[in-house]
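Structure file entry_34.cif with mmCIF, C-alpha atoms and all ligand atoms:
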```
data_query
#
loop_
_atom_site.group_PDB
_atom_site.id
_atom_site.type_symbol
_atom_site.label_atom_id
_atom_site.label_comp_id
_atom_site.auth_asym_id
_atom_site.auth_seq_id
_atom_site.Cartn_x
_atom_site.Cartn_y
_atom_site.Cartn_z
ATOM 1 C CA MET Z 462 252.258 75.329 144.507
ATOM 2 C CA SER Z 463 249.351 76.410 146.664
ATOM 3 C CA TYR Z 464 248.398 74.294 149.642
ATOM 4 C CA ALA Z 465 245.156 72.605 148.594
ATOM 5 C CA ILE Z 466 243.864 71.672 152.062
ATOM 6 C CA PRO Z 467 241.898 74.467 153.759
ATOM 7 C CA GLU Z 468 243.315 75.464 157.143
ATOM 8 C CA ARG Z 469 239.874 75.805 158.756
ATOM 9 C CA GLU Z 470 239.142 73.274 161.504
ATOM 10 C CA LEU Z 471 235.471 72.323 161.892
ATOM 11 C CA MET Z 472 236.148 69.426 164.236
ATOM 12 C CA TYR Z 473 237.237 69.951 167.835
ATOM 13 C CA SER Z 474 240.110 68.120 169.463
ATOM 14 C CA GLY Z 475 239.024 66.048 172.462
ATOM 15 C CA HIS Z 476 236.531 63.909 170.533
ATOM 16 C CA VAL Z 477 236.149 60.326 171.777
ATOM 17 C CA GLY Z 478 237.498 58.409 168.779
ATOM 18 C CA CYS Z 479 240.088 55.710 169.558
ATOM 19 C CA PRO Z 480 243.783 56.542 169.025
ATOM 20 C CA GLY Z 481 244.578 56.236 165.324
ATOM 21 C CA CYS Z 482 240.885 56.205 164.280
ATOM 22 C CA GLY Z 483 240.738 56.596 160.497
ATOM 23 C CA ALA Z 484 237.068 57.616 160.609
ATOM 24 C CA SER Z 485 237.891 60.663 162.759
ATOM 25 C CA LEU Z 486 240.543 61.846 160.316
ATOM 26 C CA ALA Z 487 238.119 61.298 157.448
ATOM 27 C CA MET Z 488 235.559 63.641 159.046
ATOM 28 C CA ARG Z 489 238.177 66.268 159.850
ATOM 29 C CA LEU Z 490 239.317 66.343 156.215
ATOM 30 C CA ALA Z 491 235.792 66.179 154.774
ATOM 31 C CA LEU Z 492 234.691 69.203 156.830
ATOM 32 C CA LYS Z 493 237.800 71.136 155.816
ATOM 33 C CA ALA Z 494 236.716 70.459 152.236
ATOM 34 C CA VAL Z 495 233.015 71.347 152.404
ATOM 35 C CA GLY Z 496 233.206 74.212 154.939
ATOM 36 C CA GLU Z 497 230.682 75.579 157.420
ATOM 37 C CA ASP Z 498 227.507 75.741 155.347
ATOM 38 C CA VAL Z 499 226.672 72.070 155.785
ATOM 39 C CA VAL Z 500 224.312 69.817 157.708
ATOM 40 C CA VAL Z 501 225.874 66.472 158.635
ATOM 41 C CA ILE Z 502 223.529 63.494 158.930
ATOM 42 C CA ILE Z 503 225.202 60.911 161.172
ATOM 43 C CA VAL Z 504 223.879 57.383 160.856
ATOM 44 C CA ALA Z 505 224.222 54.975 163.835
ATOM 45 C CA SER Z 506 227.882 53.929 163.891
ATOM 46 C CA CYS Z 507 231.116 54.677 165.750
ATOM 47 C CA TRP Z 508 230.569 58.257 164.620
ATOM 48 C CA SER Z 509 227.398 58.463 166.747
ATOM 49 C CA ILE Z 510 229.800 58.172 169.670
ATOM 50 C CA ILE Z 511 232.747 60.169 168.311
ATOM 51 C CA ALA Z 512 230.473 63.197 167.786
ATOM 52 C CA GLY Z 513 229.920 63.302 171.569
ATOM 53 C CA PRO Z 514 226.895 62.979 173.884
ATOM 54 C CA PHE Z 515 224.346 65.832 173.934
ATOM 55 C CA PRO Z 516 224.847 68.665 174.904
ATOM 56 C CA TYR Z 517 228.493 68.201 173.864
ATOM 57 C CA THR Z 518 229.696 67.880 170.283
ATOM 58 C CA SER Z 519 233.002 67.430 168.507
ATOM 59 C CA LEU Z 520 231.709 69.197 165.388
ATOM 60 C CA LYS Z 521 231.340 72.914 164.731
ATOM 61 C CA VAL Z 522 228.577 72.345 162.182
ATOM 62 C CA PRO Z 523 224.868 71.394 162.516
ATOM 63 C CA THR Z 524 224.539 67.668 163.033
ATOM 64 C CA LEU Z 525 221.564 65.321 162.979
ATOM 65 C CA HIS Z 526 221.861 61.835 164.466
ATOM 66 C CA THR Z 527 219.609 59.278 162.877
ATOM 67 C CA ALA Z 528 218.760 55.588 162.755
ATOM 68 C CA PHE Z 529 221.036 53.027 161.168
ATOM 69 C CA GLU Z 530 219.099 52.396 157.949
ATOM 70 C CA THR Z 531 217.960 55.946 157.182
ATOM 71 C CA GLY Z 532 220.924 57.889 155.748
ATOM 72 C CA GLY Z 533 219.416 58.147 152.269
ATOM 73 C CA SER Z 534 215.857 59.040 153.339
ATOM 74 C CA VAL Z 535 216.745 61.478 156.140
ATOM 75 C CA SER Z 536 219.253 63.290 153.920
ATOM 76 C CA SER Z 537 216.559 63.615 151.231
ATOM 77 C CA GLY Z 538 214.180 65.145 153.792
ATOM 78 C CA ILE Z 539 216.718 67.544 155.255
ATOM 79 C CA LYS Z 540 217.615 68.770 151.763
ATOM 80 C CA ALA Z 541 213.924 69.375 150.989
ATOM 81 C CA ALA Z 542 213.468 71.236 154.294
ATOM 82 C CA LEU Z 543 216.500 73.455 153.607
ATOM 83 C CA GLU Z 544 215.127 74.306 150.184
ATOM 84 C CA MET Z 545 211.749 75.252 151.688
ATOM 85 C CA ARG Z 546 213.547 77.494 154.156
ATOM 86 C CA GLY Z 547 215.350 79.304 151.354
ATOM 87 C CA ARG Z 548 218.729 77.666 151.849
ATOM 88 C CA PRO Z 549 219.177 75.726 148.589
ATOM 89 C CA ASN Z 550 222.952 76.086 148.665
ATOM 90 C CA THR Z 551 223.520 74.465 152.058
ATOM 91 C CA THR Z 552 225.333 71.168 151.556
ATOM 92 C CA VAL Z 553 223.771 68.043 153.008
ATOM 93 C CA MET Z 554 226.375 65.424 153.861
ATOM 94 C CA ALA Z 555 225.278 61.985 155.004
ATOM 95 C CA TRP Z 556 227.934 60.243 157.083
ATOM 96 C CA ALA Z 557 227.659 56.491 157.567
ATOM 97 C CA GLY Z 558 229.808 53.442 158.158
ATOM 98 C CA ASP Z 559 230.070 50.418 155.910
ATOM 99 C CA GLY Z 560 227.351 48.536 157.822
ATOM 100 C CA GLY Z 561 225.021 51.509 157.493
ATOM 101 C CA THR Z 562 225.798 51.806 153.789
ATOM 102 C CA PHE Z 563 226.651 48.440 152.216
ATOM 103 C CA ASP Z 564 224.096 46.525 154.306
ATOM 104 C CA ILE Z 565 221.275 48.011 156.370
ATOM 105 C CA GLY Z 566 221.056 51.466 154.759
ATOM 106 C CA PHE Z 567 221.428 50.181 151.230
ATOM 107 C CA GLN Z 568 217.750 50.279 150.263
ATOM 108 C CA ALA Z 569 217.190 53.878 151.444
ATOM 109 C CA LEU Z 570 220.442 54.955 149.779
ATOM 110 C CA SER Z 571 219.649 53.237 146.473
ATOM 111 C CA GLY Z 572 216.166 54.790 146.453
ATOM 112 C CA ALA Z 573 217.448 58.272 147.231
ATOM 113 C CA VAL Z 574 220.181 58.281 144.593
ATOM 114 C CA GLU Z 575 217.832 56.796 141.994
ATOM 115 C CA ARG Z 576 215.712 59.930 142.614
ATOM 116 C CA ASN Z 577 218.983 61.872 142.215
ATOM 117 C CA GLU Z 578 218.474 63.643 145.554
ATOM 118 C CA ASP Z 579 220.918 66.500 146.012
ATOM 119 C CA PHE Z 580 223.347 65.385 148.731
ATOM 120 C CA ILE Z 581 226.826 64.002 149.301
ATOM 121 C CA TYR Z 582 226.754 60.567 150.868
ATOM 122 C CA VAL Z 583 230.049 59.639 152.520
ATOM 123 C CA CYS Z 584 230.676 56.070 153.574
ATOM 124 C CA TYR Z 585 233.667 55.771 155.891
ATOM 125 C CA ASP Z 586 234.560 52.139 155.536
ATOM 126 C CA ASN Z 587 236.337 50.379 158.405
ATOM 127 C CA GLU Z 588 235.287 47.037 156.928
ATOM 128 C CA ALA Z 589 233.145 45.750 159.839
ATOM 129 C CA TYR Z 590 230.507 46.721 162.420
ATOM 130 C CA MET Z 591 233.092 48.224 164.736
ATOM 131 C CA ASN Z 592 230.898 50.078 167.208
ATOM 132 C CA THR Z 593 229.120 46.896 168.294
ATOM 133 C CA GLY Z 594 232.226 44.694 168.526
ATOM 134 C CA ILE Z 595 233.853 43.992 165.122
ATOM 135 C CA GLN Z 596 231.187 41.892 163.381
ATOM 136 C CA ARG Z 597 231.681 41.205 159.662
ATOM 137 C CA SER Z 598 229.785 43.283 157.107
ATOM 138 C CA SER Z 599 229.526 42.932 153.341
ATOM 139 C CA ALA Z 600 232.464 45.386 153.201
ATOM 140 C CA THR Z 601 234.744 43.012 155.128
ATOM 141 C CA PRO Z 602 237.398 41.692 152.727
ATOM 142 C CA TRP Z 603 237.839 38.015 151.914
ATOM 143 C CA GLY Z 604 240.109 36.275 154.425
ATOM 144 C CA ALA Z 605 239.708 38.785 157.252
ATOM 145 C CA TRP Z 606 239.218 37.883 160.899
ATOM 146 C CA THR Z 607 236.256 39.456 162.697
ATOM 147 C CA THR Z 608 234.430 38.299 165.830
ATOM 148 C CA THR Z 609 231.803 36.608 163.634
ATOM 149 C CA THR Z 610 234.377 35.234 161.168
ATOM 150 C CA PRO Z 611 237.033 33.787 163.522
ATOM 151 C CA ALA Z 612 240.532 32.907 162.301
ATOM 152 C CA ALA Z 613 239.645 29.227 161.852
ATOM 153 C CA THR Z 614 236.824 30.203 159.453
ATOM 154 C CA PRO Z 615 237.615 33.723 158.196
ATOM 155 C CA LYS Z 616 235.335 35.628 155.802
ATOM 156 C CA ASN Z 617 234.967 33.506 152.684
ATOM 157 C CA THR Z 618 233.148 35.885 150.325
ATOM 158 C CA PRO Z 619 234.566 38.966 148.579
ATOM 159 C CA LYS Z 620 234.014 42.567 149.603
ATOM 160 C CA LYS Z 621 230.974 44.126 147.918
ATOM 161 C CA ASP Z 622 232.013 46.554 145.164
ATOM 162 C CA MET Z 623 229.989 49.512 146.449
ATOM 163 C CA VAL Z 624 231.508 52.192 144.197
ATOM 164 C CA ALA Z 625 230.626 50.160 141.093
ATOM 165 C CA ILE Z 626 227.102 49.602 142.448
ATOM 166 C CA MET Z 627 226.638 53.325 143.049
ATOM 167 C CA ALA Z 628 228.116 54.176 139.642
ATOM 168 C CA ALA Z 629 225.629 51.728 138.127
ATOM 169 C CA HIS Z 630 222.856 54.044 139.402
ATOM 170 C CA ARG Z 631 224.350 56.541 136.901
ATOM 171 C CA ILE Z 632 224.493 59.295 139.511
ATOM 172 C CA PRO Z 633 226.516 62.415 138.657
ATOM 173 C CA TYR Z 634 229.540 61.589 140.794
ATOM 174 C CA THR Z 635 231.030 58.596 142.619
ATOM 175 C CA ALA Z 636 234.567 58.349 144.003
ATOM 176 C CA SER Z 637 236.871 56.501 146.354
ATOM 177 C CA ALA Z 638 239.173 58.497 148.643
ATOM 178 C CA SER Z 639 241.893 57.966 151.245
ATOM 179 C CA ILE Z 640 243.019 59.827 154.359
ATOM 180 C CA ALA Z 641 246.592 59.145 153.202
ATOM 181 C CA TYR Z 642 245.963 61.278 150.087
ATOM 182 C CA PRO Z 643 244.267 64.301 151.678
ATOM 183 C CA GLU Z 644 244.571 66.603 148.669
ATOM 184 C CA ASP Z 645 242.851 64.043 146.454
ATOM 185 C CA LEU Z 646 240.168 63.563 149.145
ATOM 186 C CA VAL Z 647 239.549 67.310 149.554
ATOM 187 C CA ARG Z 648 239.411 67.843 145.802
ATOM 188 C CA LYS Z 649 236.817 65.074 145.404
ATOM 189 C CA LEU Z 650 234.574 66.428 148.169
ATOM 190 C CA GLN Z 651 234.782 69.949 146.770
ATOM 191 C CA LYS Z 652 234.031 68.657 143.286
ATOM 192 C CA ALA Z 653 231.033 66.759 144.679
ATOM 193 C CA GLN Z 654 229.850 69.910 146.459
ATOM 194 C CA GLY Z 655 229.805 71.761 143.152
ATOM 195 C CA ILE Z 656 227.569 69.206 141.431
ATOM 196 C CA ARG Z 657 223.749 69.078 141.802
ATOM 197 C CA GLY Z 658 222.263 65.641 142.441
ATOM 198 C CA SER Z 659 223.536 62.538 144.212
ATOM 199 C CA LYS Z 660 227.203 62.104 145.028
ATOM 200 C CA PHE Z 661 228.776 59.095 146.732
ATOM 201 C CA ILE Z 662 232.263 59.130 148.312
ATOM 202 C CA HIS Z 663 233.813 55.940 149.684
ATOM 203 C CA ILE Z 664 236.637 56.553 152.189
ATOM 204 C CA LEU Z 665 238.741 53.688 153.567
ATOM 205 C CA ALA Z 666 239.017 54.239 157.335
ATOM 206 C CA PRO Z 667 241.474 51.943 159.146
ATOM 207 C CA CYS Z 668 240.330 50.902 162.630
ATOM 208 C CA PRO Z 669 243.289 49.909 164.843
ATOM 209 C CA SER Z 670 240.960 48.126 167.326
ATOM 210 C CA GLY Z 671 239.252 46.026 164.672
ATOM 211 C CA TRP Z 672 242.129 45.610 162.226
ATOM 212 C CA LYS Z 673 244.635 44.933 165.012
ATOM 213 C CA SER Z 674 246.966 47.508 163.519
ATOM 214 C CA GLU Z 675 249.213 50.024 165.252
ATOM 215 C CA PRO Z 676 247.383 53.313 165.937
ATOM 216 C CA ALA Z 677 250.476 55.221 164.811
ATOM 217 C CA GLU Z 678 250.397 53.381 161.455
ATOM 218 C CA THR Z 679 246.888 54.387 160.343
ATOM 219 C CA ILE Z 680 248.157 56.662 157.583
ATOM 220 C CA LYS Z 681 250.832 54.160 156.525
ATOM 221 C CA VAL Z 682 248.225 51.377 156.320
ATOM 222 C CA SER Z 683 245.891 53.684 154.348
ATOM 223 C CA ARG Z 684 248.697 54.557 151.940
ATOM 224 C CA LEU Z 685 249.647 50.904 151.493
ATOM 225 C CA ALA Z 686 246.003 50.072 150.684
ATOM 226 C CA VAL Z 687 246.246 52.493 147.749
ATOM 227 C CA GLN Z 688 249.792 51.626 146.686
ATOM 228 C CA SER Z 689 249.068 47.885 146.701
ATOM 229 C CA LYS Z 690 245.880 48.524 144.650
ATOM 230 C CA VAL Z 691 243.724 46.946 147.362
ATOM 231 C CA PHE Z 692 241.895 50.302 147.510
ATOM 232 C CA PRO Z 693 242.472 52.211 144.261
ATOM 233 C CA LEU Z 694 241.640 55.906 144.088
ATOM 234 C CA TYR Z 695 239.320 56.802 141.221
ATOM 235 C CA GLU Z 696 236.191 58.710 140.297
ATOM 236 C CA VAL Z 697 233.220 57.998 138.047
ATOM 237 C CA GLU Z 698 231.097 60.682 136.399
ATOM 238 C CA GLU Z 699 227.516 59.872 135.342
ATOM 239 C CA GLY Z 700 228.344 56.180 135.790
ATOM 240 C CA GLU Z 701 230.310 56.336 132.547
ATOM 241 C CA ARG Z 702 233.561 58.245 132.719
ATOM 242 C CA TRP Z 703 235.952 56.322 134.964
ATOM 243 C CA ARG Z 704 239.267 57.929 135.889
ATOM 244 C CA VAL Z 705 242.091 56.752 138.156
ATOM 245 C CA THR Z 706 243.167 59.794 140.195
ATOM 246 C CA VAL Z 707 246.280 58.431 141.941
ATOM 247 C CA ARG Z 708 248.641 56.055 140.174
ATOM 248 C CA PRO Z 709 249.669 53.361 142.669
ATOM 249 C CA SER Z 710 253.204 52.025 143.012
ATOM 250 C CA GLU Z 711 253.841 48.329 142.768
ATOM 251 C CA ALA Z 712 253.625 47.452 146.493
ATOM 252 C CA PRO Z 713 252.687 43.775 146.984
ATOM 253 C CA VAL Z 714 249.513 43.168 149.011
ATOM 254 C CA ILE Z 715 251.513 41.381 151.694
ATOM 255 C CA GLU Z 716 252.999 44.760 152.647
ATOM 256 C CA TYR Z 717 249.466 45.934 153.449
ATOM 257 C CA LEU Z 718 248.237 42.694 155.029
ATOM 258 C CA ARG Z 719 251.142 42.080 157.372
ATOM 259 C CA ARG Z 720 250.558 45.310 159.278
ATOM 260 C CA GLN Z 721 247.137 44.068 160.380
ATOM 261 C CA GLY Z 722 246.577 41.281 162.908
ATOM 262 C CA ARG Z 723 243.185 40.512 161.319
ATOM 263 C CA PHE Z 724 245.106 38.795 158.479
ATOM 264 C CA ASN Z 725 247.702 36.971 160.655
ATOM 265 C CA HIS Z 726 246.185 33.534 160.093
ATOM 266 C CA LEU Z 727 246.451 33.664 156.282
ATOM 267 C CA THR Z 728 248.644 31.050 154.547
ATOM 268 C CA PRO Z 729 251.060 32.009 151.729
ATOM 269 C CA ALA Z 730 248.636 30.380 149.266
ATOM 270 C CA GLN Z 731 245.764 32.532 150.550
ATOM 271 C CA ILE Z 732 247.890 35.671 150.295
ATOM 272 C CA ASP Z 733 248.716 34.695 146.688
ATOM 273 C CA GLU Z 734 244.993 34.350 146.021
ATOM 274 C CA ILE Z 735 244.353 37.846 147.420
ATOM 275 C CA GLN Z 736 247.172 39.206 145.223
ATOM 276 C CA ARG Z 737 245.673 37.572 142.126
ATOM 277 C CA ASN Z 738 242.234 39.031 142.871
ATOM 278 C CA VAL Z 739 243.675 42.498 143.485
ATOM 279 C CA ASP Z 740 245.578 42.325 140.176
ATOM 280 C CA ARG Z 741 242.442 41.206 138.333
ATOM 281 C CA HIS Z 742 240.298 43.997 139.812
ATOM 282 C CA TRP Z 743 242.977 46.551 138.988
ATOM 283 C CA ALA Z 744 243.068 45.372 135.363
ATOM 284 C CA GLU Z 745 239.261 45.655 135.210
ATOM 285 C CA LEU Z 746 239.401 49.178 136.629
ATOM 286 C CA LEU Z 747 242.062 50.233 134.128
ATOM 287 C CA ALA Z 748 240.014 48.809 131.264
ATOM 288 C CA ARG Z 749 236.985 50.823 132.391
ATOM 289 C CA ALA Z 750 239.089 53.940 132.861
ATOM 290 C CA GLU Z 751 240.525 53.631 129.372
ATOM 291 C CA GLN Z 752 237.079 53.219 127.874
ATOM 292 C CA GLY Z 753 235.906 56.284 129.755
HETATM 293 C C1 LIG O 801 218.361 48.753 163.379
HETATM 294 C C2 LIG O 801 219.616 48.733 164.197
HETATM 295 N N1 LIG O 801 220.281 47.579 164.349
HETATM 296 C C3 LIG O 801 221.428 47.540 165.068
HETATM 297 C C4 LIG O 801 221.898 48.680 165.662
HETATM 298 C C5 LIG O 801 223.157 48.610 166.500
HETATM 299 N N2 LIG O 801 224.290 49.246 165.880
HETATM 300 C C6 LIG O 801 224.652 50.512 166.165
HETATM 301 S S1 LIG O 801 226.068 50.976 165.423
HETATM 302 C C7 LIG O 801 226.246 49.460 164.708
HETATM 303 C C8 LIG O 801 227.442 49.123 163.869
HETATM 304 C C9 LIG O 801 227.604 50.050 162.712
HETATM 305 O O1 LIG O 801 228.556 49.547 161.821
HETATM 306 P P1 LIG O 801 229.083 50.480 160.674
HETATM 307 O O2 LIG O 801 227.961 51.066 159.926
HETATM 308 O O3 LIG O 801 230.077 49.710 159.873
HETATM 309 O O4 LIG O 801 229.816 51.666 161.470
HETATM 310 P P2 LIG O 801 231.046 51.511 162.520
HETATM 311 O O5 LIG O 801 230.459 51.150 163.842
HETATM 312 O O6 LIG O 801 231.947 50.451 162.005
HETATM 313 O O7 LIG O 801 231.675 52.852 162.552
HETATM 314 C C10 LIG O 801 225.181 48.616 165.054
HETATM 315 C C11 LIG O 801 225.036 47.205 164.630
HETATM 316 C C12 LIG O 801 221.186 49.872 165.486
HETATM 317 N N3 LIG O 801 221.605 51.030 166.003
HETATM 318 N N4 LIG O 801 220.035 49.870 164.761
HETATM 319 MG MG MG O 802 232.129 49.835 159.983
#
```
Kindly return the structure encoded in the file as C-alpha cells.
Amino acid sequence: MSYAIPERELMYSGHVGCPGCGASLAMRLALKAVGEDVVVIIVASCWSIIAGPFPYTSLKVPTLHTAFETGGSVSSGIKAALEMRGRPNTTVMAWAGDGGTFDIGFQALSGAVERNEDFIYVCYDNEAYMNTGIQRSSATPWGAWTTTTPAATPKNTPKKDMVAIMAAHRIPYTASASIAYPEDLVRKLQKAQGIRGSKFIHILAPCPSGWKSEPAETIKVSRLAVQSKVFPLYEVEEGERWRVTVRPSEAPVIEYLRRQGRFNHLTPAQIDEIQRNVDRHWAELLARAEQG
C-alpha cells in the first residue's frame, strides 16, 4: 500500500500554537494535501496568531490575513485576481475558525458559495471563540462549559449543523474531516482541489486550553469524536450524494466526554441525553447516505 500522505512540509516548526493544538495539525495536513501552489486566506482567529507576527511566518505559502467576517468575500476577490493574472490553477484556501464561519462570517460565506466561487473553505472547529478567551459560539455543543456558558448554566442549545447547511447550498463538495484520520483528510482536500466551484471542509480541532483536555491526547480525543459518532466523517457531492467515509466503532459518547474538563459538570441523565441525540443524528446521516 502506498503512503497516501505527502511528505512535503509547508508549515515550519516553531509556530506559536499551544501544545496539542488541533488547529495547527489541521493546517499542517491541509497544506501537505494541497501543496505549494496555494494562497491561504486566514480569517481573524487563533490562526492569526499561530501564523506568526510580520515579518515572521510559520507557513511556506503565500498568506493573506483578513477581518473576521470576510473569508467568503476576500477569497472570492483573491481568486478573481489570480485569474486576471493568468494563474487560474492556483488554489485559494480560506482558513477560518468556527466563530468566523458558523457565526460572523456566515453571510459572506453563504453569498460566496451561492455564487459557486472557486475556492476551498476550511473551517477548523474548536467549538468556541478560543483566541479571545473561550466564549461560546453556535458550534459549541449542547452541555459544554465555556466562559460565557459556565458550569451552572452550560450551553443549552445544540451545535449548528454547518455541513448540512453548506450542502443545502448544493455546492459541488462538502465534507467533514479529522486530524485523527489523516489519510481521509488528505484525500478530501485533494478531491476538493480537483473540483471547480465552492468546496467546504469542516475539521474538528480539539483545543486543550478550551476543552480542558490533555495536550498529549488531542489525537485520541479526535479519534473518539469519530468513533463515538459525535463527529462522523462523511462527504456530500452537489448537496445530494451523501457518503460516510469512515465507519465508526461503537464507542459510547462518555468515552469522548470524560477526557474533557468542559463536560465535567454533566449528570448521568445529561450524558444519556447527549448519547440519544448522537444516535438520532447518526441514524439521520445513514438514512441520507443510503438515499444518496
Ligand atoms: C469584527 C470583530 N469582532 C471581534 C474580533 C475579535 N476576535 C478575534 S479572533 C476572535 C475569536 C475567533 O473565534 P473562532 O473563529 O472560533 O477562532 P478561534 O479563535 O477559536 O481559533 C474574536 C472574537 C475581531 N477580530 N473582529
Ligand atoms: Mg473557535
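Comparing Z:Thr518, Z:Gln596, Z:Asn550, Z:Ser571 by their smallest distance to ligand MG 802 (chain O), the closest is Z:Gln596 (using only C-alpha atoms and all ligand atoms).
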Which of these residues is nearest to ligand LIG 801 (chain O), using all atoms listed in the file: Z:Gly475, Z:Pro514, Z:Gly558, Z:Gly533?
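Closest to ligand LIG 801 (chain O), using all atoms listed in the file: Z:Gly558.
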Please expand the PyMOL selection byres (((chain Z and resi 625-636) around 7) and not hetatm) into the concrete residues it hits in this file, giving the result as a list in words.
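Residues picked by the PyMOL selection byres (((chain Z and resi 625-636) around 7) and not hetatm): Val574, Glu575, Asn577, Asp622, Met623, Val624, Ser637, Ala638, Ala653, Gly658, Ser659, Lys660, Phe661, Ile662, His663, Tyr695, Glu696, Val697, Glu698, Glu699 and Gly700 of chain Z.
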Could you check which of Z:Ala494, Z:Gly478, Z:Arg719, Z:Leu727 is closest to Thr614 in chain Z, using only C-alpha atoms?
Z:Leu727
Residues matched by the PyMOL selection byres (((chain Z and resi 706) around 8) and not hetatm), written as a list in words
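Written out, the selection comes to Asp645, Leu694, Tyr695, Glu696, Arg704, Val705, Val707 and Arg708 of chain Z.
The gap separating CA of Ala512 in chain Z from CA of Ser537 in chain Z is 21.6 Å, in Å to one decimal.
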Residues within 9 Å of ligand MG 802 (chain O) should be enumerated using all atoms listed in the file and returned as a PyMOL selection string.
chain Z and resi 506-507+557-561+585-592+595-598+600-601+666+668
Have a look at CA of Leu492 in chain Z and CA of Phe529 in chain Z and let me know their distance in Å, one decimal.
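The value is 21.6 Å.
Relative to CA of Ala484 in chain Z, CA of Arg648 in chain Z is found at 18.1 Å.
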From the list Z:Thr527, Z:Thr728, Z:Gln736, Z:Ser689, which residue is nearest Glu716 in chain Z when using all atoms listed in the file?
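Result for the nearest residue to Glu716 in chain Z: Z:Ser689.
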Which residues are near Val682 in chain Z? Cut-off 10 Å, all atoms listed in the file, ignore same chain within fewer than 5 positions. Put them as a list in words.
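Here the answer would be Ala641, Ala666, Pro667, Pro669, Ser674, Glu675, Pro676, Ala677, Val687, Gln688, Glu716, Tyr717, Leu718, Arg719, Arg720 and Gln721 of chain Z.
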Across Z:Pro549, Z:Gly483, Z:Gly496, Z:Pro709, the smallest distance to ligand LIG 801 (chain O), with only C-alpha atoms and all ligand atoms counted, is shown by Z:Gly483
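Closest approach to His476 in chain Z from the set Z:Ala605, Z:Leu520, Z:Val535, Z:Ile565 is made by Z:Leu520, with distances taken over only C-alpha atoms.
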Please provide the set of residues having any atom within 9 Å of Gly722 in chain Z, restricted to only C-alpha atoms, with same-chain residues fewer than 4 positions apart removed, written as a list of chain:residue names.
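Non-adjacent residues within range: Z:Trp606, Z:Gly671, Z:Trp672, Z:Lys673, Z:Ser674, Z:Leu718, Z:His726.
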Answer key for the PyMOL selection byres (((chain Z and resi 471) around 7) and not hetatm), residues as a list in words
Arg469, Glu470, Met472, Tyr473, Arg489, Leu492, Lys493, Leu520, Lys521 and Val522 of chain Z
Could you list as a VMD selection string every residue that has an atom within 10 Å of (240.3, 48.6, 137.7), using the file's coordinates and counting all atoms listed in the file?
chain Z and resid 690 693 to 695 703 to 705 739 to 751
Applying 8 Å and all atoms listed in the file, which residues near Gly604 in chain Z remain after dropping the ones on its own chain fewer than 4 positions away? List them as number ranges by chain.
Z: 615-617, 724, 727, 731
Please check which residues have atoms at most 10 Å from (222.2, 71.0, 145.1) in the file's coordinates, counting only C-alpha atoms, and write them as an MDAnalysis selection string.
chainID Z and resid 540 544 549:553 578:581 653:659
Calculate, to one decimal in Å, the centre and edge lengths of the box along x, y and z of the file that holds all listed atoms of ligand LIG 801 (chain O) with 8 Å of margin on each side, and present them as AutoDock Vina command-line options.
```
--center_x 225.2 --center_y 50.0 --center_z 163.2 --size_x 29.6 --size_y 21.6 --size_z 22.6
```
Show me, as a list of chain:residue names, the residues that have an atom within 9 Å of His526 in chain Z when counting only C-alpha atoms, minus same-chain residues fewer than 5 positions from it.
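Final neighbour list, sorted by chain and number: Z:Val501, Z:Ile502, Z:Ile503, Z:Val504, Z:Ala505, Z:Ser509.
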